[in-house]
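Notes follow the structure.
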2 protein chains.
Amino acid sequence: MARLKRIYLDESEMPKQWYNLAPDLPTPMNPPLGPDGKPVTPEMLAPVFPMNLIEQEVSMERWIDIPEEIRQILFQWRPSPLVRAYELEEALGTPAKIYYKNESVSPAGSHKPNSAVAQAWYNKQFGIKRLTTETGAGQWGSALAYACAQIGGIECKVYMVRVSFDQKPFRKIMMQTWGGKCVSSPSTFTQAGRNILAEYPDTPGSLGIAISEAIEEAVSDPSGKTRYALGSVLNHVMLHQTVIGLEAKQQLSKVGIKNPDVVIGCCGGGSNFAGIAFPFMYEKVNGADIQIIGAEPFSCPTLTKAPFIYDHGDVAQMTPLLPMYSLGHNFVPAPIHAGGLRFHGMSPLVSASLRDGLMEAQAIHQSECFEAGLLFAKTEGIIPAPETTHAIASAIREAKKAKEEGKEKVILFNFSGHGWMDLIGYDKYMSGQLSDYEYPEHEIEANLAKLTGYPMPK
Amino acid sequence: MARLKRIYLDESEMPKQWYNLAPDLPTPMNPPLGPDGKPVTPEMLAPVFPMNLIEQEVSMERWIDIPEEIRQILFQWRPSPLVRAYELEEALGTPAKIYYKNESVSPAGSHKPNSAVAQAWYNKQFGIKRLTTETGAGQWGSALAYACAQIGGIECKVYMVRVSFDQKPFRKIMMQTWGGKCVSSPSTFTQAGRNILAEYPDTPGSLGIAISEAIEEAVSDPSGKTRYALGSVLNHVMLHQTVIGLEAKQQLSKVGIKNPDVVIGCCGGGSNFAGIAFPFMYEKVNGADIQIIGAEPFSCPTLTKAPFIYDHGDVAQMTPLLPMYSLGHNFVPAPIHAGGLRFHGMSPLVSASLRDGLMEAQAIHQSECFEAGLLFAKTEGIIPAPETTHAIASAIREAKKAKEEGKEKVILFNFSGHGWMDLIGYDKYMSGQLSDYEYPEHEIEANLAKLTGYPMPK
């Protein structure tokens with residue numbers, strides 16, 4: 001077969017259904033719990049999300065139709081290319097075949113619009129006029145601002161984690177360019193923000209804090225026309241991202257590969273990982289032999305060091321208790337440049353798949369990740385987002401292992417986003433100013449101790 | 001036919017030859033002239049460019065083979081998609097069909113790598129170890145740094161026009177990420193830079209100044225292993241860019257369009273315009289009825305207001321005299337955000353095609369361009385580079401005209417680059433801080449007066 005750098009699908013080949021992992025999990029999911037310790041009902045979530053998305057959140061259907069209007073907007077960049085990393089392979093001298101799904105080609109530069117477009121569309125269908133959200137590195141906030149512009153008739157307000165807001169000033173302008181509004185979190189707009197600022201005026205912020213602020217603003221709108229949108233963690237977000245892996249599977253089959261040997265995604269809240277991995281977990285529960293790896297920051301080791309417990313998704317405990325690996329909802333991760341991976345918890349679906357042995361995890365220092373990112377830029381050309389460098393570093397580890405073992409493995413990873421807004425991190429790495437952060441063992445222990453008395457998942 | 005947002009080509013369909021307009025011009029090109037007023041010989045250019053590129057520069061072959069190794073690198077993003085601007089058409093309510101060639105998908109974010117990869121490859125073939133260049137907005141400098149990383153074994157030094165260096169600080173880091181070096185121009189590294197700084201310490205810089213600096217550094221390397229690379233203007237650069245229009249022609253034919261009615265590109269030095277337009281000029285000289293428009297800044301009106309004369313391409317008069325439309329080599333354009341369009345002259349091939357009636361030109365204020373850019377971002381999703389907004393503004397003008405005339409025209413424009421590094425311009429526009437600049441009539445007259453006694457093209 002002739003050397004083929006990029007594998008495309010026609011628009012007609014883009015998936016018409018999302019894949020829901022929930023019905024295929026070996027162990028049934030634990031339900032989210034309310035303040036009374038009882039499972040939350042859809043009605044209890046109604047002030048936060050529109051009912052059509054809540055239905056997706058609790059659905060046990062394996063395949064869920066993608067509305068045609070959503071597909072039409074996704075065509076602005078989907079199907080995204082699957083790329084063979086020939087130049088990276090050559091630099092590594094590995095017998096492994098490395099493929100990456102390039103999600104950085106979306107207008108917002110990452111995989112995030114896959115769910116943002118869907119969420120904006122479902123909210124509009126439900127009559128919602130305004131969405132609030134949080135963002136870490138800015139990828140999700142940009143995606144939602146972009147999506148609201150495409151859908152039309154929905155305002156967008158974004159709480160951006162302070163450390164990223166300061167490191168990446170152009171993200172705010174980008175959101176404004178699409179008509180969105182972006183503020184630094186913690187802010188003085190909400191009670192949750194004011195409380196944090198009073199206690200920790202110098203806090204770098206966290207996704208947990210920003211989520212609290214965005215939810216508070218949504219539920220306190222007296223018109224009832226504001227809802228909250230989450231860019232990761234929840235089941236319906238994982239669902240929307242599965243187009244990534246579903247496309248990748250079709251693309252691999254075009255070059256004669258039934259299944260890859262290794263599938264890799266970086267893990268913050270879990271959405272890009274779920275996107276690439278869940279369709280291959282479907283193959284795995286149906287008998288395929290696939291190694292699936294979630295790559296996370298060494299300093300925020302949710303998958304590798306945290307217990308599987310019930311915990312809140314946010315600092316102010318506004319979310320239900322979710323069954324997940326968690327470092328404790330008060331945990332504030334070190335200010336690494338991969339802002340999108342600075343989250344104390346993990347998607348319950350991703351957590352369940354780790355618990356059930358469908359995947360494994362690796363924790364990687366950011367210096368190893370930036371080194372991998374530089375090698376990728378110099379070989380494959382594209383400068384990766386700091387989050388994405390975690391998946392690249394993991395793929396490089398596996399490719400080197402394949403070299404040692406002399407095995408011609410097929411490694412697939414998700415290139416979740418580009419790094420055009422994250423160049424300060426590269427500058428610090430190249431000029432020797434970048435620090436690694438150790439496992440914050442005592443901090444984690446102290447945070448987890450505060451959860452004594454919480455219910456435990458089965 | 002089903003609605004199709006993006007039209008792709010297979011890698012096997014990417015052009016295997018570049019198109020050279022020179023032999024098809026109705027009037028033969030005037031030669032470049034040396035200091036003695038006589039045509040420059042290839043040998044005289046040898047200290048500046050490698051001989052293999054000089055051969056391309058003077059070639060009268062219509063079709064020139066693209067070396068296979070260059071094609072392999074171009075596959076990192078080529079063939080680029082041709083996109084139907086359905087959402088923009090809908091917002092304009094126009095019967096026109098608007099297509100854009102999306103060159104922003106390259107790793108460096110613009111069309112510039114098309115020539116950067118070729119130039120780095122030919123220089124390496126010739127034994128060159130180091131390239132110097134200039135950059136306006138940073139697109140070309142980034143592209144050359146990227147290309148040198150891909151080719152390997154060639155250092156890259158970039159002189160970036162001061163106003164853009166200050167407006168776009170992340171461009172420098174980006175070039176470093178690919179292993180390049182970037183300095184602000186005018187600099188103290190060269191005699192040309194020191195002279196300008198002594199006379200005009202507060203100058204915003206210009207492409208003309210930066211070119212002088214880069215050439216001076218290349219020709220003064222005693223090892224003879226340094227050459228200069230130009231991102232626009234010259235014949236071989238135009239040549240390398242023709243893959244754009246050649247692909248677009250094939251892509252249009254896939255949706256049943258033989259030729260568009262209108263072809264538009266923005267014009268600075270001419271390279272992205274030539275890339276989209278020259279293959280359609282080939283059709284035009286062979287009888288097709290196509291309107292071809294170059295869109296330029298109102299404040300730097302080379303095509304619409306300058307005379308067709310012999311002038312230098314740079315301030316320090318280090319380049320040969322080129323037959324082109326020129327505002328005078330001492331002209332320093334207003335500090336508009338489209339830094340890549342701030343050039344006093346114009347590609348001799350583009351100039352010849354304007355003189356010969358193969359194209360026409362439009363001058364547009366930057367506020368109209370940013371307004372067009374915002375509309376594009378909100379409809380088509382992608383945030384355009386300020387340079388590119390000139391082509392979009394022109395396409396919108398033509399689409400509105402088609403609406404008035406009730407004509408279902410096919411409009412094709414080149415989406416030369418995205419605006420991720422240019423968000424400050426959008427911020428200024430959205431916050432009402434953006435100024436337009438008038439035709440600098442008296443300044444142009446004064447600059448042109450200094451050229452009295454220069455030879456005149458036939």
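The way I read the labels, and the way they are meant: chains A, B, ... in the order of the structure tokens, residue 1 as the first residue of every chain, and ligand 1 as the first ligand shown, with later ones counted on from there.
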
What are the closest atom pairs, with distances in Å to one decimal, for all residues of chain A lying within 9 Å of chain B? Consider only C-alpha atoms, order rows by chain and residue number, and present the result as a tab-separated table.
residue	atom	partner	partner_atom	distance
A:Leu4	CA	B:Glu11	CA	7.3
A:Lys5	CA	B:Phe75	CA	6.2
A:Arg6	CA	B:Phe75	CA	7.5
A:Ile7	CA	B:Asp10	CA	8.9
A:Tyr8	CA	B:Tyr8	CA	8.5
A:Asp10	CA	B:Tyr8	CA	8.5
A:Glu11	CA	B:Leu4	CA	7.3
A:Ser12	CA	B:Leu4	CA	9.0
A:Gln72	CA	B:Lys5	CA	8.3
A:Phe75	CA	B:Lys5	CA	6.3
A:Gln76	CA	B:Lys5	CA	6.8
A:Trp77	CA	B:Arg6	CA	8.2
A:Val83	CA	B:Gln76	CA	8.4
A:Glu87	CA	B:Gln150	CA	8.7
A:Val105	CA	B:Val105	CA	7.1
A:Ser106	CA	B:Ile382	CA	8.3
A:Pro107	CA	B:Ile382	CA	4.9
A:Ala108	CA	B:Ile382	CA	7.7
A:Tyr146	CA	B:Gly381	CA	6.7
A:Ala147	CA	B:Gly381	CA	8.5
A:Ala149	CA	B:Lys378	CA	5.4
A:Gln150	CA	B:Thr379	CA	6.2
A:Phe170	CA	B:Leu423	CA	6.4
A:Arg171	CA	B:Leu423	CA	8.8
A:Ile173	CA	B:Asp427	CA	6.0
A:Met174	CA	B:Leu423	CA	6.7
A:Gln176	CA	B:Asp427	CA	8.2
A:Thr177	CA	B:Leu374	CA	6.5
A:Trp178	CA	B:Lys378	CA	5.6
A:Gly179	CA	B:Lys378	CA	7.9
A:Leu374	CA	B:Thr177	CA	6.5
A:Ala377	CA	B:Trp178	CA	6.5
A:Lys378	CA	B:Ala149	CA	5.4
A:Thr379	CA	B:Gln150	CA	6.2
A:Glu380	CA	B:Gln76	CA	7.2
A:Gly381	CA	B:Pro107	CA	5.5
A:Ile382	CA	B:Pro107	CA	4.8
A:Ile383	CA	B:Pro107	CA	7.5
A:Trp420	CA	B:Trp420	CA	6.9
A:Met421	CA	B:Trp420	CA	7.6
A:Leu423	CA	B:Ile173	CA	6.3
A:Ile424	CA	B:Ile173	CA	7.6
A:Tyr426	CA	B:Thr177	CA	7.0
A:Asp427	CA	B:Ile173	CA	6.0
A:Met430	CA	B:Thr177	CA	8.0

- Message: At a cut-off of 7 Å, using only C-alpha atoms, what residues contact A:Pro15? Leave out same-chain residues fewer than 5 positions from it and give the result as a list in words.
- Response: Val243, Leu246 and Glu247 of chain A

- Do you know which residues are at most 12 Å from A:Pro440 counting only C-alpha atoms, after dropping those on the same chain fewer than 3 positions away, and could you put them as a list of chain:residue names?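 So the residues in contact are A:Pro297, A:Phe298, A:Ser299, A:Cys300, A:Pro301, A:Thr302, A:Lys305, A:Ala306, A:Leu327, A:Phe331, A:Val332, A:Pro333, A:Ala334, A:Asp436, A:Tyr437, A:Glu443, A:Ile444, A:Glu445, A:Ala446, A:Asn447.
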
Go ahead and save the residues from that selection, with all heavy atoms, as a compact mmCIF listing (two decimals), in the first residue's frame.
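Below is the file again-v1.txt, written as the result:
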# COMPACT_ATOMS: atom_id res chain seq x y z
N PRO A 297 -1.40 14.12 34.65
CA PRO A 297 -0.25 14.81 35.23
C PRO A 297 0.20 14.13 36.53
O PRO A 297 -0.64 13.73 37.34
CB PRO A 297 -0.77 16.22 35.53
CG PRO A 297 -2.08 16.33 34.86
CD PRO A 297 -2.62 14.95 34.70
N PHE A 298 1.50 14.05 36.73
CA PHE A 298 2.08 13.47 37.94
C PHE A 298 1.59 14.24 39.17
O PHE A 298 1.42 13.65 40.25
CB PHE A 298 3.61 13.57 37.84
CG PHE A 298 4.34 12.64 38.73
CD1 PHE A 298 4.63 11.34 38.31
CD2 PHE A 298 4.77 13.04 39.99
CE1 PHE A 298 5.34 10.47 39.14
CE2 PHE A 298 5.47 12.17 40.82
CZ PHE A 298 5.75 10.88 40.40
N SER A 299 1.33 15.52 39.03
CA SER A 299 0.98 16.36 40.18
C SER A 299 -0.52 16.37 40.46
O SER A 299 -0.98 16.97 41.43
CB SER A 299 1.46 17.79 39.94
OG SER A 299 0.89 18.29 38.75
N CYS A 300 -1.31 15.71 39.60
CA CYS A 300 -2.76 15.66 39.79
C CYS A 300 -3.21 14.22 39.48
O CYS A 300 -3.92 13.97 38.50
CB CYS A 300 -3.46 16.68 38.90
SG CYS A 300 -5.22 16.87 39.23
N PRO A 301 -2.77 13.27 40.33
CA PRO A 301 -2.79 11.84 39.97
C PRO A 301 -4.11 11.15 40.30
O PRO A 301 -4.15 10.19 41.06
CB PRO A 301 -1.64 11.29 40.81
CG PRO A 301 -1.65 12.14 42.05
CD PRO A 301 -2.14 13.48 41.66
N THR A 302 -5.17 11.62 39.71
CA THR A 302 -6.50 11.10 40.04
C THR A 302 -6.64 9.61 39.75
O THR A 302 -7.14 8.85 40.58
CB THR A 302 -7.56 11.88 39.22
OG1 THR A 302 -7.22 13.25 39.22
CG2 THR A 302 -8.94 11.68 39.81
N LYS A 305 -3.55 7.49 41.80
CA LYS A 305 -3.34 7.54 43.25
C LYS A 305 -4.62 7.73 44.07
O LYS A 305 -4.60 7.56 45.28
CB LYS A 305 -2.38 8.70 43.60
CG LYS A 305 -0.97 8.53 43.07
CD LYS A 305 -0.16 7.57 43.93
CE LYS A 305 1.23 7.41 43.35
NZ LYS A 305 2.06 6.48 44.13
N ALA A 306 -5.69 8.18 43.44
CA ALA A 306 -6.88 8.51 44.22
C ALA A 306 -7.75 7.28 44.46
O ALA A 306 -7.69 6.30 43.70
CB ALA A 306 -7.69 9.59 43.49
N LEU A 327 -9.41 13.14 44.24
CA LEU A 327 -8.38 13.58 45.19
C LEU A 327 -8.99 14.45 46.28
O LEU A 327 -8.27 15.03 47.09
CB LEU A 327 -7.30 14.37 44.43
CG LEU A 327 -6.58 13.58 43.32
CD1 LEU A 327 -5.86 14.52 42.36
CD2 LEU A 327 -5.61 12.57 43.92
N PHE A 331 -9.15 19.77 46.80
CA PHE A 331 -7.78 19.70 46.29
C PHE A 331 -7.56 20.74 45.20
O PHE A 331 -8.31 20.81 44.22
CB PHE A 331 -7.51 18.30 45.74
CG PHE A 331 -6.14 18.13 45.14
CD1 PHE A 331 -5.01 18.17 45.94
CD2 PHE A 331 -5.98 17.93 43.78
CE1 PHE A 331 -3.75 18.03 45.40
CE2 PHE A 331 -4.72 17.78 43.22
CZ PHE A 331 -3.60 17.83 44.04
N VAL A 332 -6.54 21.59 45.36
CA VAL A 332 -6.19 22.56 44.33
C VAL A 332 -4.88 22.12 43.67
O VAL A 332 -3.82 22.18 44.28
CB VAL A 332 -6.05 23.99 44.92
CG1 VAL A 332 -5.60 24.97 43.82
CG2 VAL A 332 -7.38 24.44 45.50
N PRO A 333 -4.95 21.63 42.43
CA PRO A 333 -3.75 21.11 41.77
C PRO A 333 -2.70 22.19 41.56
O PRO A 333 -3.02 23.38 41.48
CB PRO A 333 -4.29 20.61 40.42
CG PRO A 333 -5.76 20.46 40.61
CD PRO A 333 -6.15 21.52 41.60
N ALA A 334 -1.46 21.75 41.47
CA ALA A 334 -0.35 22.66 41.18
C ALA A 334 -0.59 23.37 39.85
O ALA A 334 -1.25 22.82 38.97
CB ALA A 334 0.96 21.86 41.13
N ASP A 436 8.78 20.85 37.81
CA ASP A 436 7.88 19.72 38.00
C ASP A 436 7.35 19.77 39.43
O ASP A 436 7.97 20.36 40.31
CB ASP A 436 8.60 18.41 37.74
CG ASP A 436 8.68 18.12 36.23
OD1 ASP A 436 7.76 18.55 35.52
OD2 ASP A 436 9.65 17.50 35.79
N TYR A 437 6.24 19.16 39.65
CA TYR A 437 5.64 19.14 40.99
C TYR A 437 5.47 17.69 41.43
O TYR A 437 5.03 16.85 40.65
CB TYR A 437 4.27 19.83 40.98
CG TYR A 437 4.32 21.26 40.52
CD1 TYR A 437 4.12 21.58 39.18
CD2 TYR A 437 4.57 22.28 41.42
CE1 TYR A 437 4.17 22.90 38.74
CE2 TYR A 437 4.62 23.61 41.00
CZ TYR A 437 4.42 23.91 39.66
OH TYR A 437 4.47 25.20 39.24
N GLU A 443 -1.27 16.59 51.16
CA GLU A 443 -2.42 17.44 50.84
C GLU A 443 -3.61 16.56 50.44
O GLU A 443 -4.75 16.81 50.84
CB GLU A 443 -2.03 18.37 49.69
CG GLU A 443 -2.86 19.64 49.64
CD GLU A 443 -2.48 20.46 48.41
OE1 GLU A 443 -1.30 20.43 47.99
OE2 GLU A 443 -3.40 21.10 47.86
N ILE A 444 -3.31 15.53 49.63
CA ILE A 444 -4.38 14.63 49.20
C ILE A 444 -4.98 13.90 50.39
O ILE A 444 -6.21 13.84 50.55
CB ILE A 444 -3.84 13.63 48.14
CG1 ILE A 444 -3.47 14.38 46.85
CG2 ILE A 444 -4.87 12.54 47.85
CD1 ILE A 444 -2.74 13.52 45.83
N GLU A 445 -4.10 13.39 51.24
CA GLU A 445 -4.58 12.68 52.43
C GLU A 445 -5.48 13.57 53.27
O GLU A 445 -6.54 13.16 53.74
CB GLU A 445 -3.39 12.20 53.28
CG GLU A 445 -2.79 10.90 52.78
CD GLU A 445 -1.51 10.55 53.53
OE1 GLU A 445 -1.25 11.12 54.61
OE2 GLU A 445 -0.76 9.69 53.00
N ALA A 446 -5.03 14.82 53.48
CA ALA A 446 -5.81 15.75 54.31
C ALA A 446 -7.17 16.03 53.68
O ALA A 446 -8.20 16.08 54.36
CB ALA A 446 -5.03 17.04 54.50
N ASN A 447 -7.18 16.20 52.35
CA ASN A 447 -8.44 16.47 51.67
C ASN A 447 -9.39 15.29 51.72
O ASN A 447 -10.60 15.46 51.91
CB ASN A 447 -8.17 16.83 50.20
CG ASN A 447 -7.93 18.31 50.04
OD1 ASN A 447 -8.76 19.12 50.45
ND2 ASN A 447 -6.79 18.66 49.49

- Item | B:Leu82, B:Ile154, B:Ile54, B:Ala46 ranked by distance to B:Ser253, top pick (using only C-alpha atoms) | B:Leu82

- Message: I need the residue nearest B:Glu398 from this list: B:Ile98, B:Val183, B:Leu434, B:Cys267. Use only C-alpha atoms for the distance.
- Response: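 So, comparing all the options, the nearest one is B:Ile98.
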
- Task: as a ChimeraX atom specification, list the residues of stretch 276-386 of chain B assigned to helix (DSSP H, G or I) by DSSP on the backbone atoms of this structure.
- Result: /B:276-285,302-305,339-341,348-355,366-379,386

Just C-alpha atoms for this one: save the residues we selected as an mmCIF file, in the first residue's frame.
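What ended up in result.cif:
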data_model
loop_
_atom_site.group_PDB
_atom_site.id
_atom_site.type_symbol
_atom_site.label_atom_id
_atom_site.label_comp_id
_atom_site.auth_asym_id
_atom_site.auth_seq_id
_atom_site.Cartn_x
_atom_site.Cartn_y
_atom_site.Cartn_z
ATOM 1 C CA ILE B 276 -4.935 31.009 -5.799
ATOM 2 C CA ALA B 277 -5.045 33.222 -8.902
ATOM 3 C CA PHE B 278 -2.291 32.200 -11.350
ATOM 4 C CA PRO B 279 -3.793 28.799 -12.250
ATOM 5 C CA PHE B 280 -7.010 30.661 -13.111
ATOM 6 C CA MET B 281 -5.058 33.256 -15.104
ATOM 7 C CA TYR B 282 -3.871 30.267 -17.146
ATOM 8 C CA GLU B 283 -7.537 29.542 -17.885
ATOM 9 C CA LYS B 284 -8.115 33.210 -18.587
ATOM 10 C CA VAL B 285 -5.310 33.537 -21.161
ATOM 11 C CA THR B 302 0.246 49.488 -4.148
ATOM 12 C CA LEU B 303 -2.040 47.977 -6.781
ATOM 13 C CA THR B 304 -4.659 50.724 -6.808
ATOM 14 C CA LYS B 305 -2.528 53.897 -6.563
ATOM 15 C CA GLY B 339 1.403 43.187 9.006
ATOM 16 C CA GLY B 340 1.870 40.846 6.064
ATOM 17 C CA LEU B 341 0.302 43.411 3.724
ATOM 18 C CA PRO B 348 6.718 41.471 -10.495
ATOM 19 C CA LEU B 349 4.539 38.618 -11.797
ATOM 20 C CA VAL B 350 1.452 39.980 -10.031
ATOM 21 C CA SER B 351 2.369 43.481 -11.211
ATOM 22 C CA ALA B 352 2.692 42.263 -14.792
ATOM 23 C CA SER B 353 -0.676 40.545 -14.636
ATOM 24 C CA LEU B 354 -2.329 43.742 -13.372
ATOM 25 C CA ARG B 355 -0.647 45.786 -16.092
ATOM 26 C CA GLN B 366 -9.024 47.680 8.009
ATOM 27 C CA SER B 367 -12.254 48.377 9.924
ATOM 28 C CA GLU B 368 -14.317 46.938 7.044
ATOM 29 C CA CYS B 369 -11.920 43.995 7.039
ATOM 30 C CA PHE B 370 -12.222 43.282 10.770
ATOM 31 C CA GLU B 371 -15.997 43.534 10.490
ATOM 32 C CA ALA B 372 -15.836 40.933 7.725
ATOM 33 C CA GLY B 373 -13.523 38.812 9.880
ATOM 34 C CA LEU B 374 -15.950 38.858 12.808
ATOM 35 C CA LEU B 375 -18.851 37.883 10.560
ATOM 36 C CA PHE B 376 -16.765 35.049 9.154
ATOM 37 C CA ALA B 377 -15.833 33.801 12.638
ATOM 38 C CA LYS B 378 -19.457 33.836 13.755
ATOM 39 C CA THR B 379 -20.712 32.063 10.632
ATOM 40 C CA PRO B 386 -6.091 40.243 9.509
#

- Item | Selection: 8 Å around stretch 400-414 of chain B, only C-alpha atoms, excl. self and same-chain fewer than 6 positions, as an NGL selection string | :B and (92-103 or 260-266 or 272-273 or 276 or 388 or 391-392)

Set the distance at 8 Å and use only C-alpha atoms: which residues neighbour A:Ala338 once local chain neighbours fewer than 4 positions away are removed? I'd like the list as a PDB file with C-alpha atoms, in the first residue's frame.
ATOM      1  CA  ALA A 137      -6.905  26.209  29.853  1.00  0.00           C
ATOM      2  CA  ARG A 342      -6.133  20.310  36.701  1.00  0.00           C
ATOM      3  CA  ALA A 385      -1.520  21.808  23.640  1.00  0.00           C
ATOM      4  CA  PRO A 386       0.131  21.018  27.005  1.00  0.00           C
ATOM      5  CA  GLU A 387      -2.758  18.642  27.798  1.00  0.00           C
TER       6      GLU A 387
END

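The residue set within 7 Å of stretch 23-28 of chain B, counting only C-alpha atoms and dropping same-chain residues fewer than 5 places from it, reads Met60, Glu61, Arg62 and Asp356 of chain B.
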
Prev. selection, N, CA, C and O atoms, output as a PDB file, in the first residue's frame:
ATOM      1  N   MET B  60      11.449  29.872 -17.855  1.00  0.00           N
ATOM      2  CA  MET B  60      10.304  30.130 -18.724  1.00  0.00           C
ATOM      3  C   MET B  60       9.554  28.840 -19.038  1.00  0.00           C
ATOM      4  O   MET B  60       8.718  28.795 -19.947  1.00  0.00           O
ATOM      5  N   GLU B  61       9.830  27.781 -18.267  1.00  0.00           N
ATOM      6  CA  GLU B  61       9.039  26.556 -18.376  1.00  0.00           C
ATOM      7  C   GLU B  61       7.673  26.784 -17.745  1.00  0.00           C
ATOM      8  O   GLU B  61       7.581  27.356 -16.658  1.00  0.00           O
ATOM      9  N   ARG B  62       6.638  26.307 -18.406  1.00  0.00           N
ATOM     10  CA  ARG B  62       5.279  26.498 -17.879  1.00  0.00           C
ATOM     11  C   ARG B  62       5.010  25.606 -16.661  1.00  0.00           C
ATOM     12  O   ARG B  62       4.376  26.013 -15.702  1.00  0.00           O
ATOM     13  N   ASP B 356      -1.239  43.880 -17.479  1.00  0.00           N
ATOM     14  CA  ASP B 356      -1.754  43.239 -18.690  1.00  0.00           C
ATOM     15  C   ASP B 356      -3.256  42.961 -18.643  1.00  0.00           C
ATOM     16  O   ASP B 356      -3.800  42.303 -19.540  1.00  0.00           O
TER      17      ASP B 356
END

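Close contacts of A:Pro42, defined as residues with an atom at most 12 Å away when counting only C-alpha atoms, with chain neighbours fewer than 4 positions off set aside, comprise Pro31, Pro32, Leu33, Gly34, Ala46, Pro47, Val48, Phe49, Pro50, Met51, Asn52, Leu53, Ile54, Glu55, Gln56, Glu57, Val58, Ser59 and Pro320 of chain A.
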
- DSSP-assigned strand (DSSP E or B) among stretch 191-407 of chain A, expressed as a PyMOL selection string: chain A and resi 226-228+262-266+291-297+308-312+321-325+360-364+384

- Message: I need the residue nearest B:Phe165 from this list: B:Glu213, B:Arg194, B:Pro335, B:Ala399. Use only C-alpha atoms for the distance.
- Response: B:Pro335
